[in-house]
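**Q** Sharing my_file-v2.cif here; it has mmCIF, C-alpha atoms and all ligand atoms.
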data_input
loop_
_atom_site.label_atom_id
_atom_site.label_comp_id
_atom_site.auth_asym_id
_atom_site.auth_seq_id
_atom_site.Cartn_x
_atom_site.Cartn_y
_atom_site.Cartn_z
CA MET A 1 -79.27 -75.30 -135.11
CA LYS A 2 -78.04 -72.08 -136.75
CA LYS A 3 -80.73 -69.62 -137.84
CA PHE A 4 -79.06 -69.32 -141.26
CA LEU A 5 -77.27 -71.70 -143.62
CA THR A 6 -73.49 -71.44 -143.86
CA LEU A 7 -70.77 -72.71 -146.19
CA ASP A 8 -71.01 -76.00 -144.25
CA ASP A 9 -74.42 -76.53 -145.90
CA LEU A 10 -73.34 -75.62 -149.43
CA GLN A 11 -72.35 -78.32 -151.94
CA ALA A 12 -70.22 -75.95 -153.95
CA GLN A 13 -68.37 -78.29 -156.32
CA GLY A 14 -68.79 -77.08 -159.92
CA LYS A 15 -71.42 -74.51 -158.96
CA VAL A 16 -71.32 -70.84 -159.87
CA VAL A 17 -71.57 -69.14 -156.49
CA LEU A 18 -72.61 -65.48 -156.44
CA LEU A 19 -70.73 -64.00 -153.52
CA ARG A 20 -71.92 -60.62 -152.21
CA ALA A 21 -68.94 -58.96 -150.59
CA ASP A 22 -68.40 -55.45 -149.28
CA LEU A 23 -65.49 -54.12 -151.31
CA ASN A 24 -66.42 -50.53 -150.55
CA VAL A 25 -62.97 -49.86 -149.11
CA PRO A 26 -61.39 -46.43 -148.57
CA MET A 27 -59.05 -45.45 -151.42
CA GLN A 28 -56.64 -42.59 -151.97
CA ASP A 29 -54.77 -41.97 -155.25
CA GLY A 30 -55.86 -45.37 -156.56
CA LYS A 31 -54.53 -47.23 -153.48
CA VAL A 32 -56.57 -48.98 -150.79
CA THR A 33 -55.88 -47.22 -147.47
CA ASP A 34 -57.59 -49.78 -145.19
CA ASP A 35 -57.70 -53.35 -146.44
CA THR A 36 -59.53 -54.93 -143.47
CA ARG A 37 -62.59 -55.79 -145.55
CA LEU A 38 -60.41 -57.41 -148.23
CA THR A 39 -58.35 -59.55 -145.88
CA ARG A 40 -61.48 -60.66 -143.99
CA LEU A 41 -63.07 -61.87 -147.22
CA VAL A 42 -60.14 -64.13 -148.07
CA PRO A 43 -61.18 -67.15 -145.88
CA THR A 44 -64.50 -67.41 -147.75
CA LEU A 45 -62.70 -67.20 -151.11
CA VAL A 46 -60.16 -69.84 -150.10
CA GLU A 47 -62.81 -72.21 -148.80
CA LEU A 48 -65.18 -71.88 -151.76
CA SER A 49 -62.33 -72.21 -154.23
CA ALA A 50 -61.00 -75.33 -152.45
CA LYS A 51 -64.50 -76.80 -152.66
CA GLY A 52 -64.42 -76.35 -156.45
CA ALA A 53 -66.87 -73.45 -156.72
CA LYS A 54 -66.74 -70.89 -159.50
CA ILE A 55 -66.81 -67.71 -157.47
CA VAL A 56 -68.44 -64.60 -158.86
CA ILE A 57 -67.96 -61.61 -156.56
CA LEU A 58 -70.54 -58.83 -156.44
CA SER A 59 -70.09 -55.55 -154.61
CA HIS A 60 -70.95 -51.89 -154.65
CA PHE A 61 -68.34 -49.15 -154.50
CA GLY A 62 -69.17 -45.58 -153.50
CA ARG A 63 -72.43 -43.93 -154.45
CA PRO A 64 -72.53 -43.65 -158.26
CA LYS A 65 -75.80 -42.38 -159.77
CA ASN A 66 -75.18 -44.38 -162.94
CA LYS A 67 -72.04 -45.70 -164.63
CA ASP A 68 -69.15 -43.64 -163.30
CA ALA A 69 -65.63 -44.59 -164.40
CA SER A 70 -64.11 -43.08 -161.24
CA LEU A 71 -66.03 -45.65 -159.16
CA THR A 72 -64.97 -48.77 -161.00
CA LEU A 73 -64.11 -51.79 -158.85
CA ARG A 74 -61.13 -52.66 -161.07
CA PRO A 75 -58.38 -51.30 -158.72
CA VAL A 76 -60.09 -52.90 -155.72
CA GLY A 77 -60.06 -56.21 -157.61
CA LYS A 78 -56.32 -55.87 -158.06
CA ALA A 79 -55.84 -55.22 -154.34
CA LEU A 80 -58.10 -58.15 -153.44
CA SER A 81 -56.18 -60.45 -155.77
CA GLU A 82 -52.94 -59.49 -153.98
CA ARG A 83 -54.47 -60.33 -150.56
CA TYR A 84 -55.93 -63.57 -151.94
CA GLY A 85 -52.61 -64.51 -153.51
CA LYS A 86 -54.16 -65.69 -156.76
CA PRO A 87 -55.28 -64.05 -160.00
CA LEU A 88 -58.80 -62.74 -160.17
CA LEU A 89 -60.47 -61.72 -163.43
CA PHE A 90 -62.24 -58.35 -163.49
CA VAL A 91 -65.38 -58.19 -165.66
CA GLU A 92 -66.69 -54.85 -166.89
CA ASP A 93 -70.39 -55.42 -166.26
CA CYS A 94 -72.42 -57.22 -163.62
CA ILE A 95 -75.24 -58.37 -165.92
CA GLY A 96 -75.81 -59.14 -169.60
CA GLU A 97 -73.66 -60.77 -172.27
CA VAL A 98 -70.28 -59.60 -170.97
CA ALA A 99 -70.94 -61.11 -167.54
CA GLN A 100 -72.52 -64.27 -168.96
CA LYS A 101 -69.57 -64.92 -171.29
CA ALA A 102 -67.04 -64.45 -168.48
CA VAL A 103 -68.93 -66.84 -166.21
CA SER A 104 -69.28 -69.46 -168.96
CA GLU A 105 -65.50 -69.51 -169.37
CA MET A 106 -64.74 -70.14 -165.68
CA ASN A 107 -63.11 -73.28 -164.34
CA ASN A 108 -63.82 -74.76 -160.91
CA GLY A 109 -61.95 -72.77 -158.25
CA ASP A 110 -61.74 -69.59 -160.37
CA VAL A 111 -62.69 -66.18 -159.01
CA ILE A 112 -64.07 -63.27 -161.00
CA LEU A 113 -65.15 -59.84 -159.84
CA LEU A 114 -68.05 -58.13 -161.60
CA GLU A 115 -68.23 -54.35 -161.99
CA ASN A 116 -69.87 -52.11 -159.35
CA VAL A 117 -73.50 -53.23 -158.96
CA ARG A 118 -74.51 -49.63 -158.19
CA PHE A 119 -73.77 -48.67 -161.80
CA TYR A 120 -77.39 -49.76 -162.14
CA PRO A 121 -79.88 -47.67 -160.09
CA GLU A 122 -81.99 -50.85 -159.94
CA GLU A 123 -79.57 -52.22 -157.34
CA GLU A 124 -80.64 -49.81 -154.61
CA LYS A 125 -84.31 -50.18 -155.64
CA ASN A 126 -84.09 -53.92 -155.01
CA ASP A 127 -85.48 -54.31 -158.53
CA LYS A 128 -86.71 -57.83 -159.19
CA ASN A 129 -85.70 -57.90 -162.89
CA PHE A 130 -82.20 -56.68 -162.06
CA ALA A 131 -81.85 -59.29 -159.33
CA GLN A 132 -83.08 -61.89 -161.81
CA ALA A 133 -80.49 -60.78 -164.40
CA ILE A 134 -77.76 -61.40 -161.83
CA ALA A 135 -79.32 -64.58 -160.41
CA MET A 136 -79.29 -66.24 -163.85
CA LEU A 137 -75.47 -66.16 -163.70
CA GLY A 138 -75.25 -68.63 -160.79
CA GLN A 139 -76.71 -71.48 -158.80
CA ALA A 140 -76.11 -70.35 -155.23
CA TYR A 141 -75.89 -67.07 -153.35
CA VAL A 142 -73.48 -66.41 -150.49
CA ASN A 143 -73.72 -63.17 -148.53
CA ASP A 144 -70.49 -62.17 -146.83
CA ALA A 145 -71.34 -58.47 -146.56
CA PHE A 146 -72.70 -58.00 -143.05
CA SER A 147 -71.75 -54.33 -143.37
CA CYS A 148 -74.38 -53.96 -146.13
CA ALA A 149 -77.05 -56.06 -144.41
CA HIS A 150 -79.00 -53.03 -143.19
CA ARG A 151 -79.94 -52.28 -146.80
CA ALA A 152 -82.57 -54.22 -148.76
CA HIS A 153 -80.91 -53.95 -152.15
CA ALA A 154 -80.96 -56.36 -155.10
CA THR A 155 -77.63 -57.98 -154.20
CA THR A 156 -78.11 -57.93 -150.42
CA HIS A 157 -81.74 -59.06 -150.37
CA GLY A 158 -83.40 -59.68 -153.77
CA LEU A 159 -80.85 -62.28 -154.87
CA ALA A 160 -81.40 -64.29 -151.70
CA THR A 161 -85.07 -64.72 -152.66
CA LEU A 162 -84.09 -66.21 -156.02
CA LEU A 163 -81.28 -68.64 -155.18
CA PRO A 164 -80.37 -70.94 -152.29
CA ALA A 165 -78.84 -68.47 -149.84
CA TYR A 166 -75.97 -68.92 -147.39
CA ALA A 167 -73.91 -66.80 -145.02
CA GLY A 168 -70.20 -66.57 -145.85
CA ARG A 169 -67.58 -66.99 -143.13
CA LEU A 170 -67.27 -63.25 -142.43
CA MET A 171 -71.04 -62.81 -142.15
CA GLU A 172 -71.15 -65.87 -139.89
CA ALA A 173 -68.36 -64.53 -137.65
CA GLU A 174 -70.07 -61.13 -137.35
CA LEU A 175 -73.44 -62.67 -136.48
CA ASN A 176 -71.92 -65.07 -133.96
CA ALA A 177 -69.97 -62.27 -132.26
CA LEU A 178 -72.95 -59.94 -132.16
CA SER A 179 -75.33 -62.54 -130.82
CA SER A 180 -72.85 -63.57 -128.11
CA ALA A 181 -72.66 -59.91 -127.07
CA LEU A 182 -76.30 -58.94 -126.94
CA GLU A 183 -78.72 -61.83 -127.55
CA LYS A 184 -77.29 -64.36 -125.12
CA PRO A 185 -74.41 -62.61 -123.40
CA GLU A 186 -72.62 -63.52 -120.23
CA ARG A 187 -73.55 -60.90 -117.63
CA PRO A 188 -72.84 -58.30 -116.45
CA VAL A 189 -72.85 -56.59 -119.85
CA VAL A 190 -71.21 -53.14 -119.98
CA ALA A 191 -71.68 -50.98 -123.07
CA ILE A 192 -69.19 -48.16 -123.57
CA VAL A 193 -70.79 -45.57 -125.81
CA GLY A 194 -68.95 -42.43 -126.79
CA GLY A 195 -68.69 -40.21 -129.82
CA ALA A 196 -69.91 -36.79 -130.68
CA LYS A 197 -73.65 -36.59 -130.30
CA ILE A 198 -76.58 -38.35 -128.71
CA SER A 199 -78.92 -37.20 -131.50
CA THR A 200 -77.39 -39.81 -133.85
CA LYS A 201 -77.54 -42.55 -131.22
CA ILE A 202 -80.93 -42.09 -129.50
CA ASP A 203 -82.36 -45.39 -130.80
CA LEU A 204 -79.15 -47.18 -129.91
CA LEU A 205 -79.13 -45.84 -126.34
CA ASN A 206 -82.82 -46.55 -125.84
CA ASN A 207 -82.38 -50.14 -127.00
CA LEU A 208 -79.17 -50.80 -125.09
CA VAL A 209 -80.42 -49.65 -121.68
CA THR A 210 -83.19 -52.28 -121.80
CA LYS A 211 -80.70 -55.08 -122.46
CA ILE A 212 -77.49 -54.37 -120.59
CA ASP A 213 -76.36 -53.85 -117.01
CA VAL A 214 -74.17 -50.74 -117.26
CA LEU A 215 -74.12 -47.98 -119.88
CA ALA A 216 -70.81 -46.11 -119.65
CA LEU A 217 -70.98 -42.80 -121.50
CA GLY A 218 -68.02 -40.80 -122.71
CA GLY A 219 -67.10 -38.33 -125.43
CA GLY A 220 -69.18 -35.36 -126.46
CA MET A 221 -72.40 -37.25 -125.85
CA ALA A 222 -71.63 -37.55 -122.13
CA ASN A 223 -71.58 -33.73 -122.01
CA THR A 224 -75.22 -33.69 -123.11
CA PHE A 225 -76.15 -35.99 -120.22
CA LEU A 226 -74.08 -33.95 -117.76
CA ALA A 227 -75.78 -30.74 -118.95
CA ALA A 228 -79.20 -32.41 -118.65
CA LEU A 229 -78.30 -33.05 -114.98
CA ASP A 230 -77.47 -29.33 -114.62
CA ASN A 231 -73.68 -29.75 -114.57
CA PRO A 232 -71.70 -26.85 -116.08
CA VAL A 233 -70.29 -27.80 -119.49
CA GLY A 234 -68.86 -24.43 -120.63
CA LYS A 235 -68.16 -24.40 -124.37
CA SER A 236 -68.02 -28.17 -124.68
CA LEU A 237 -69.69 -30.00 -127.56
CA CYS A 238 -73.17 -30.46 -126.11
CA GLU A 239 -76.72 -30.79 -127.42
CA ARG A 240 -78.73 -28.79 -124.89
CA GLU A 241 -81.86 -29.27 -126.97
CA MET A 242 -81.62 -33.02 -126.29
CA LYS A 243 -82.12 -32.56 -122.54
CA ASP A 244 -85.57 -34.25 -122.48
CA GLN A 245 -84.36 -37.22 -124.51
CA ALA A 246 -81.31 -37.61 -122.28
CA LEU A 247 -83.48 -37.55 -119.14
CA ARG A 248 -85.88 -40.05 -120.72
CA ILE A 249 -83.03 -42.44 -121.54
CA MET A 250 -81.89 -42.22 -117.91
CA GLU A 251 -85.46 -42.94 -116.75
CA THR A 252 -85.73 -45.99 -119.07
CA ALA A 253 -82.37 -47.17 -117.79
CA LYS A 254 -83.54 -46.87 -114.19
CA ASN A 255 -86.72 -48.83 -114.94
CA SER A 256 -84.64 -51.53 -116.66
CA LYS A 257 -82.12 -51.67 -113.80
CA CYS A 258 -79.34 -50.48 -116.08
CA GLN A 259 -76.78 -48.33 -114.31
CA ILE A 260 -75.63 -45.20 -116.14
CA PHE A 261 -71.96 -44.39 -115.69
CA LEU A 262 -71.02 -40.77 -116.42
CA PRO A 263 -67.57 -39.11 -116.36
CA VAL A 264 -66.55 -37.69 -112.98
CA ASP A 265 -63.73 -35.60 -114.39
CA ALA A 266 -62.61 -34.24 -117.74
CA VAL A 267 -59.57 -32.95 -119.58
CA VAL A 268 -60.46 -29.40 -120.58
CA ALA A 269 -58.92 -26.73 -122.79
CA THR A 270 -60.07 -23.28 -123.82
CA GLU A 271 -59.04 -23.83 -127.45
CA PHE A 272 -59.48 -26.90 -129.59
CA ARG A 273 -56.16 -27.70 -131.28
CA ALA A 274 -53.31 -30.16 -130.85
CA ASN A 275 -51.44 -29.85 -127.57
CA PRO A 276 -52.98 -26.67 -126.10
CA PRO A 277 -52.66 -25.94 -122.37
CA THR A 278 -55.03 -28.37 -120.57
CA ARG A 279 -56.43 -28.91 -117.06
CA ASN A 280 -57.99 -31.92 -115.39
CA LEU A 281 -61.20 -30.83 -113.69
CA HIS A 282 -63.96 -32.48 -111.72
CA VAL A 283 -67.11 -32.19 -113.86
CA ASP A 284 -68.64 -29.78 -111.27
CA ASN A 285 -65.79 -27.32 -111.80
CA VAL A 286 -65.93 -26.71 -115.55
CA LYS A 287 -65.76 -22.96 -116.30
CA ASP A 288 -67.59 -20.95 -118.98
CA ASN A 289 -64.67 -20.94 -121.44
CA ASP A 290 -63.73 -24.61 -120.95
CA MET A 291 -64.25 -27.40 -123.45
CA MET A 292 -64.36 -30.94 -122.10
CA LEU A 293 -62.42 -32.79 -124.79
CA ASP A 294 -61.62 -36.07 -123.08
CA ILE A 295 -62.55 -38.08 -119.98
CA GLY A 296 -60.16 -37.48 -117.09
CA PRO A 297 -57.91 -39.93 -115.16
CA ASP A 298 -60.41 -40.42 -112.30
CA THR A 299 -63.09 -41.42 -114.80
CA VAL A 300 -60.67 -43.88 -116.41
CA ALA A 301 -59.92 -45.38 -112.98
CA GLU A 302 -63.64 -45.63 -112.07
CA LEU A 303 -64.49 -47.14 -115.43
CA ALA A 304 -61.66 -49.65 -115.03
CA LYS A 305 -63.34 -50.83 -111.80
CA VAL A 306 -66.67 -51.26 -113.62
CA LEU A 307 -64.96 -53.13 -116.45
CA ALA A 308 -63.26 -55.45 -113.97
CA THR A 309 -66.73 -56.74 -112.99
CA ALA A 310 -67.93 -57.20 -116.59
CA LYS A 311 -68.22 -60.46 -118.51
CA THR A 312 -69.21 -58.81 -121.79
CA VAL A 313 -68.21 -55.40 -123.14
CA LEU A 314 -69.73 -53.70 -126.15
CA TRP A 315 -68.01 -50.59 -127.47
CA ASN A 316 -69.08 -47.89 -129.85
CA GLY A 317 -67.60 -44.40 -130.06
CA PRO A 318 -64.46 -42.76 -128.65
CA MET A 319 -64.21 -41.27 -125.15
CA GLY A 320 -62.91 -37.93 -126.40
CA ALA A 321 -61.70 -36.02 -129.43
CA PHE A 322 -59.15 -38.78 -129.96
CA GLU A 323 -57.84 -37.53 -133.31
CA THR A 324 -56.29 -34.49 -131.57
CA PRO A 325 -53.58 -35.09 -128.95
CA PRO A 326 -53.63 -35.19 -125.98
CA PHE A 327 -57.40 -35.81 -126.07
CA ASP A 328 -56.80 -39.41 -127.15
CA ALA A 329 -55.51 -40.42 -123.70
CA GLY A 330 -58.90 -41.49 -122.25
CA THR A 331 -59.83 -43.59 -125.29
CA VAL A 332 -56.37 -45.19 -125.34
CA ALA A 333 -56.45 -45.99 -121.59
CA VAL A 334 -59.95 -47.50 -121.74
CA GLY A 335 -58.98 -49.42 -124.90
CA LYS A 336 -55.93 -50.86 -123.16
CA LYS A 337 -58.00 -51.89 -120.13
CA VAL A 338 -60.61 -53.67 -122.25
CA ALA A 339 -57.82 -55.34 -124.26
CA GLU A 340 -56.04 -56.48 -121.08
CA LEU A 341 -59.23 -58.00 -119.62
CA THR A 342 -60.05 -59.61 -122.96
CA GLN A 343 -56.59 -61.14 -123.25
CA ALA A 344 -56.83 -62.40 -119.65
CA LYS A 345 -60.11 -64.11 -120.70
CA LYS A 346 -62.03 -62.15 -118.09
CA LEU A 347 -64.53 -60.86 -120.61
CA VAL A 348 -65.70 -60.95 -124.21
CA SER A 349 -65.34 -57.63 -126.05
CA VAL A 350 -67.13 -56.63 -129.22
CA ALA A 351 -66.49 -53.24 -130.80
CA GLY A 352 -67.57 -51.55 -133.98
CA GLY A 353 -69.26 -48.70 -135.79
CA GLY A 354 -67.94 -45.53 -137.36
CA ASP A 355 -64.86 -44.08 -135.71
CA THR A 356 -64.56 -46.84 -133.13
CA VAL A 357 -62.31 -49.02 -135.25
CA SER A 358 -59.88 -46.17 -136.01
CA ALA A 359 -59.88 -45.24 -132.31
CA LEU A 360 -58.95 -48.83 -131.39
CA VAL A 361 -56.32 -48.97 -134.12
CA HIS A 362 -54.93 -45.69 -132.76
CA ALA A 363 -54.83 -47.24 -129.26
CA GLY A 364 -53.03 -50.26 -130.76
CA VAL A 365 -55.61 -52.67 -129.34
CA ASP A 366 -57.84 -53.54 -132.31
CA GLU A 367 -56.29 -57.00 -132.56
CA GLN A 368 -56.74 -57.66 -128.86
CA MET A 369 -60.53 -57.34 -128.76
CA THR A 370 -62.59 -60.51 -129.05
CA TYR A 371 -64.24 -59.13 -132.15
CA VAL A 372 -64.10 -55.87 -134.07
CA SER A 373 -66.91 -55.49 -136.55
CA THR A 374 -66.07 -54.32 -140.06
CA ALA A 375 -69.57 -52.87 -140.34
CA GLY A 376 -70.43 -49.23 -139.64
CA GLY A 377 -74.13 -48.55 -140.26
CA ALA A 378 -75.17 -52.21 -139.99
CA PHE A 379 -73.42 -52.56 -136.60
CA LEU A 380 -75.19 -49.44 -135.32
CA GLU A 381 -78.60 -50.57 -136.62
CA TRP A 382 -78.04 -53.92 -134.98
CA LEU A 383 -77.23 -52.13 -131.69
CA GLU A 384 -80.46 -50.19 -132.18
CA GLY A 385 -82.30 -53.52 -132.24
CA LYS A 386 -83.50 -53.03 -135.82
CA PRO A 387 -83.94 -56.08 -138.03
CA LEU A 388 -81.32 -56.18 -140.78
CA PRO A 389 -82.99 -57.12 -144.11
CA GLY A 390 -79.87 -58.88 -145.43
CA VAL A 391 -79.76 -61.11 -142.35
CA GLN A 392 -83.50 -61.61 -142.06
CA ILE A 393 -83.76 -62.96 -145.59
CA LEU A 394 -80.95 -65.46 -144.93
CA GLU A 395 -82.91 -66.70 -141.92
CA GLU A 396 -86.19 -66.90 -143.84
CA ARG A 397 -84.54 -68.76 -146.69
CA ALA A 398 -82.87 -71.19 -144.28
CA VAL A 399 -86.30 -72.15 -142.92
CA ALA A 400 -87.65 -72.62 -146.45
CA LEU A 401 -84.62 -74.54 -147.72
CA ARG A 402 -84.55 -76.83 -144.68
CA LYS A 403 -88.26 -77.59 -145.15
CA ALA A 404 -87.73 -78.36 -148.83
CA SER A 405 -84.82 -80.75 -148.26
P1 LIG B 501 -69.28 -40.60 -133.53
O1 LIG B 501 -69.17 -40.69 -135.04
O2 LIG B 501 -70.61 -40.10 -133.06
O3 LIG B 501 -68.86 -41.88 -132.86
O4 LIG B 501 -68.28 -39.44 -133.08
C1 LIG B 501 -66.91 -39.56 -133.20
C2 LIG B 501 -66.30 -38.18 -133.10
O5 LIG B 501 -66.63 -37.62 -131.84
C3 LIG B 501 -64.80 -38.21 -133.17
O6 LIG B 501 -64.42 -37.50 -134.33
C4 LIG B 501 -64.35 -37.46 -131.92
O7 LIG B 501 -63.31 -36.55 -132.17
C5 LIG B 501 -65.59 -36.74 -131.50
N1 LIG B 501 -65.61 -36.47 -130.05
C6 LIG B 501 -65.65 -37.38 -129.08
N2 LIG B 501 -65.63 -36.78 -127.87
C7 LIG B 501 -65.58 -35.45 -128.09
C8 LIG B 501 -65.56 -34.30 -127.24
N3 LIG B 501 -65.55 -34.42 -125.91
N4 LIG B 501 -65.53 -33.09 -127.82
C9 LIG B 501 -65.50 -32.98 -129.17
N5 LIG B 501 -65.52 -34.03 -130.04
C10 LIG B 501 -65.57 -35.25 -129.50
#
Represent the structure contained in this file as structure tokens.
Ligand code: AMP

**A**
Amino acid sequence: MKKFLTLDDLQAQGKVVLLRADLNVPMQDGKVTDDTRLTRLVPTLVELSAKGAKIVILSHFGRPKNKDASLTLRPVGKALSERYGKPLLFVEDCIGEVAQKAVSEMNNGDVILLENVRFYPEEEKNDKNFAQAIAMLGQAYVNDAFSCAHRAHATTHGLATLLPAYAGRLMEAELNALSSALEKPERPVVAIVGGAKISTKIDLLNNLVTKIDVLALGGGMANTFLAALDNPVGKSLCEREMKDQALRIMETAKNSKCQIFLPVDAVVATEFRANPPTRNLHVDNVKDNDMMLDIGPDTVAELAKVLATAKTVLWNGPMGAFETPPFDAGTVAVGKKVAELTQAKKLVSVAGGGDTVSALVHAGVDEQMTYVSTAGGAFLEWLEGKPLPGVQILEERAVALRKAS
């Protein structure tokens, strides 16, 4: 039995369903620049609408202190309506008379989008009265915003305590993918962790090494580990002050029988810009003026061998400064290898968090992973092993609702 209720459990016909989505999409000049979150919401909309629900979408957008016209959800609603292929009414408030009137005029199958819930500071305070003012609009709550599940806010947590609560299809897909990668994975599990710094990923690394078989490090954070092992790192991005933490992570890994894979060579340059003169060096041979900006070809080949033995691959963070050519080559090569093994059904691959998705898009392999999470912070907190309040409450409510029925 699933730990949470899903749309399969919801008798939606004629009900007003409050759907928490994450419409906090990147915008430039009034246009959505990455519509992944919108397109991934569409299956839940289609299904609820076909079941005859009256769908009321709730979301935050940006970080307004109070009402802030520049952070209205109106243009996002327009973009969502285009992806959904049907009209969607935008309503200028998320509580009170304006919202109540709009909901009372809905027909079965209709979709409306309420204004940015963060126009009320009560949202982020998980204020009970605010949650109640929203809850009175509907009869059921569906959370499809896994990417907001690490926050206990009124619309990600409080609402679930007040109404029967269900996971939407996107939330369900995220939770299924994540649990198949870390809770009950097929082994060996290899985690590829790259990115800039270990200071932002200490909890994540400490948690992962107790659960997986190989931790493959790349990017700037690998430099910190190499320096901790007294390798020369020149002028590379490196947190020397994190030496003790890096050594401790390696000790925990050893005790948990998790192998740590570190780069054996690097692509170095003496200046950080696009297409400077570069050299491939063994990590022992890095000179004082060198910056290690990408993993080298020998590291890619060694990592490919490790990946060939894996049944599950988790990926967070690029292998180098991938935004600046040619330091994208390592990330692209590793991305292609993981994609190839995924497509050949040799392993399950789950990627997500921060820059990882753009790195995979850049490598042209985002569609070839088993699952790419739309969540940034929530994905990282999940990798850290922290309970996500928005998920926990769905599980608690499922227990209560099953008991009651
Ligand atoms: P993070 O948000 O921690 O995943 O870090 C991603 C950032 O790390 C990207 O902007 C990369 O350009 C950067 N990065 C990765 N490897 C390196 C490196 N070797 N040197 C400098 N920056 C790097």

**Q** Counting all atoms listed in the file, which residues of chain A sit at most 6 Å from some atom of ligand LIG 501 (chain B), and what is each one's closest atom pair with its distance in Å to one decimal, listed by chain and rising residue number, as JSON lines?

**A**
{"residue": "A:Gly195", "atom": "CA", "partner": "B:LIG501", "partner_atom": "O4", "distance": 3.4}
{"residue": "A:Ala196", "atom": "CA", "partner": "B:LIG501", "partner_atom": "O5", "distance": 3.6}
{"residue": "A:Lys197", "atom": "CA", "partner": "B:LIG501", "partner_atom": "O2", "distance": 5.4}
{"residue": "A:Gly219", "atom": "CA", "partner": "B:LIG501", "partner_atom": "N2", "distance": 3.2}
{"residue": "A:Gly220", "atom": "CA", "partner": "B:LIG501", "partner_atom": "N3", "distance": 3.8}
{"residue": "A:Leu237", "atom": "CA", "partner": "B:LIG501", "partner_atom": "N4", "distance": 5.2}
{"residue": "A:Met292", "atom": "CA", "partner": "B:LIG501", "partner_atom": "N3", "distance": 5.3}
{"residue": "A:Leu293", "atom": "CA", "partner": "B:LIG501", "partner_atom": "N3", "distance": 3.7}
{"residue": "A:Asp294", "atom": "CA", "partner": "B:LIG501", "partner_atom": "N3", "distance": 5.1}
{"residue": "A:Gly317", "atom": "CA", "partner": "B:LIG501", "partner_atom": "O3", "distance": 4.0}
{"residue": "A:Pro318", "atom": "CA", "partner": "B:LIG501", "partner_atom": "C6", "distance": 5.5}
{"residue": "A:Met319", "atom": "CA", "partner": "B:LIG501", "partner_atom": "N2", "distance": 5.4}
{"residue": "A:Gly320", "atom": "CA", "partner": "B:LIG501", "partner_atom": "N2", "distance": 3.3}
{"residue": "A:Ala321", "atom": "CA", "partner": "B:LIG501", "partner_atom": "O7", "distance": 3.2}
{"residue": "A:Phe322", "atom": "CA", "partner": "B:LIG501", "partner_atom": "O7", "distance": 5.2}
{"residue": "A:Glu323", "atom": "CA", "partner": "B:LIG501", "partner_atom": "O7", "distance": 5.7}
{"residue": "A:Gly354", "atom": "CA", "partner": "B:LIG501", "partner_atom": "O1", "distance": 5.5}
{"residue": "A:Asp355", "atom": "CA", "partner": "B:LIG501", "partner_atom": "O3", "distance": 5.4}

**Q** Would you list the residues near (-55.3, -29.7, -120.8) (no more than 12 Å away, in the coordinates of the file, using only C-alpha atoms) as a ChimeraX atom specification?

**A** /A:266-281,290-297,324-329

**Q** Residues at most 9 Å from A:Tyr84, counting all atoms listed in the file, excluding those fewer than 3 positions away in the same chain, as a PyMOL selection string?

**A** chain A and resi 38-39+41-43+45-46+79-81+87-88

**Q** Find the residue from A:Val76, A:Ala304, A:Leu163, A:Ala227 that sits nearest to A:Val190; use all atoms listed in the file when measuring.

**A**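 Selected residue with least distance to A:Val190: A:Ala304.
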
**Q** Please, what distance in Å, to one decimal, runs between atom CA of A:Lys101 and atom CA of A:His157?

**A**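 Spanning atom CA of A:Lys101 to atom CA of A:His157 is a straight-line distance of 24.9 Å.
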
**Q** Between atom CA of A:Ile212 and atom CA of A:Lys345, what distance in Å does the model show, to one decimal?

**A** 19.9 Å

**Q** So that I can check the surroundings of stretch 362-376 of chain A, please list as a PyMOL selection string every protein, DNA and RNA residue that reaches within 9 Å of it, counting all atoms listed in the file and ignoring chain neighbours fewer than 5 positions away.

**A** chain A and resi 36-37+40+145-148+173-174+177-178+322-323+328-329+331-333+335-336+338-340+342-343+347-355+357+381

**Q** For atom CA of A:Leu215 and atom CA of A:Ile260, determine how far apart the two atoms are, in Å to one decimal place.

**A** 4.9 Å

**Q** Nearest to A:Leu401: which of A:Ser70, A:Asn24, A:Asn116, A:Thr161 is it, counting only C-alpha atoms?

**A**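 Closest candidate: A:Thr161.
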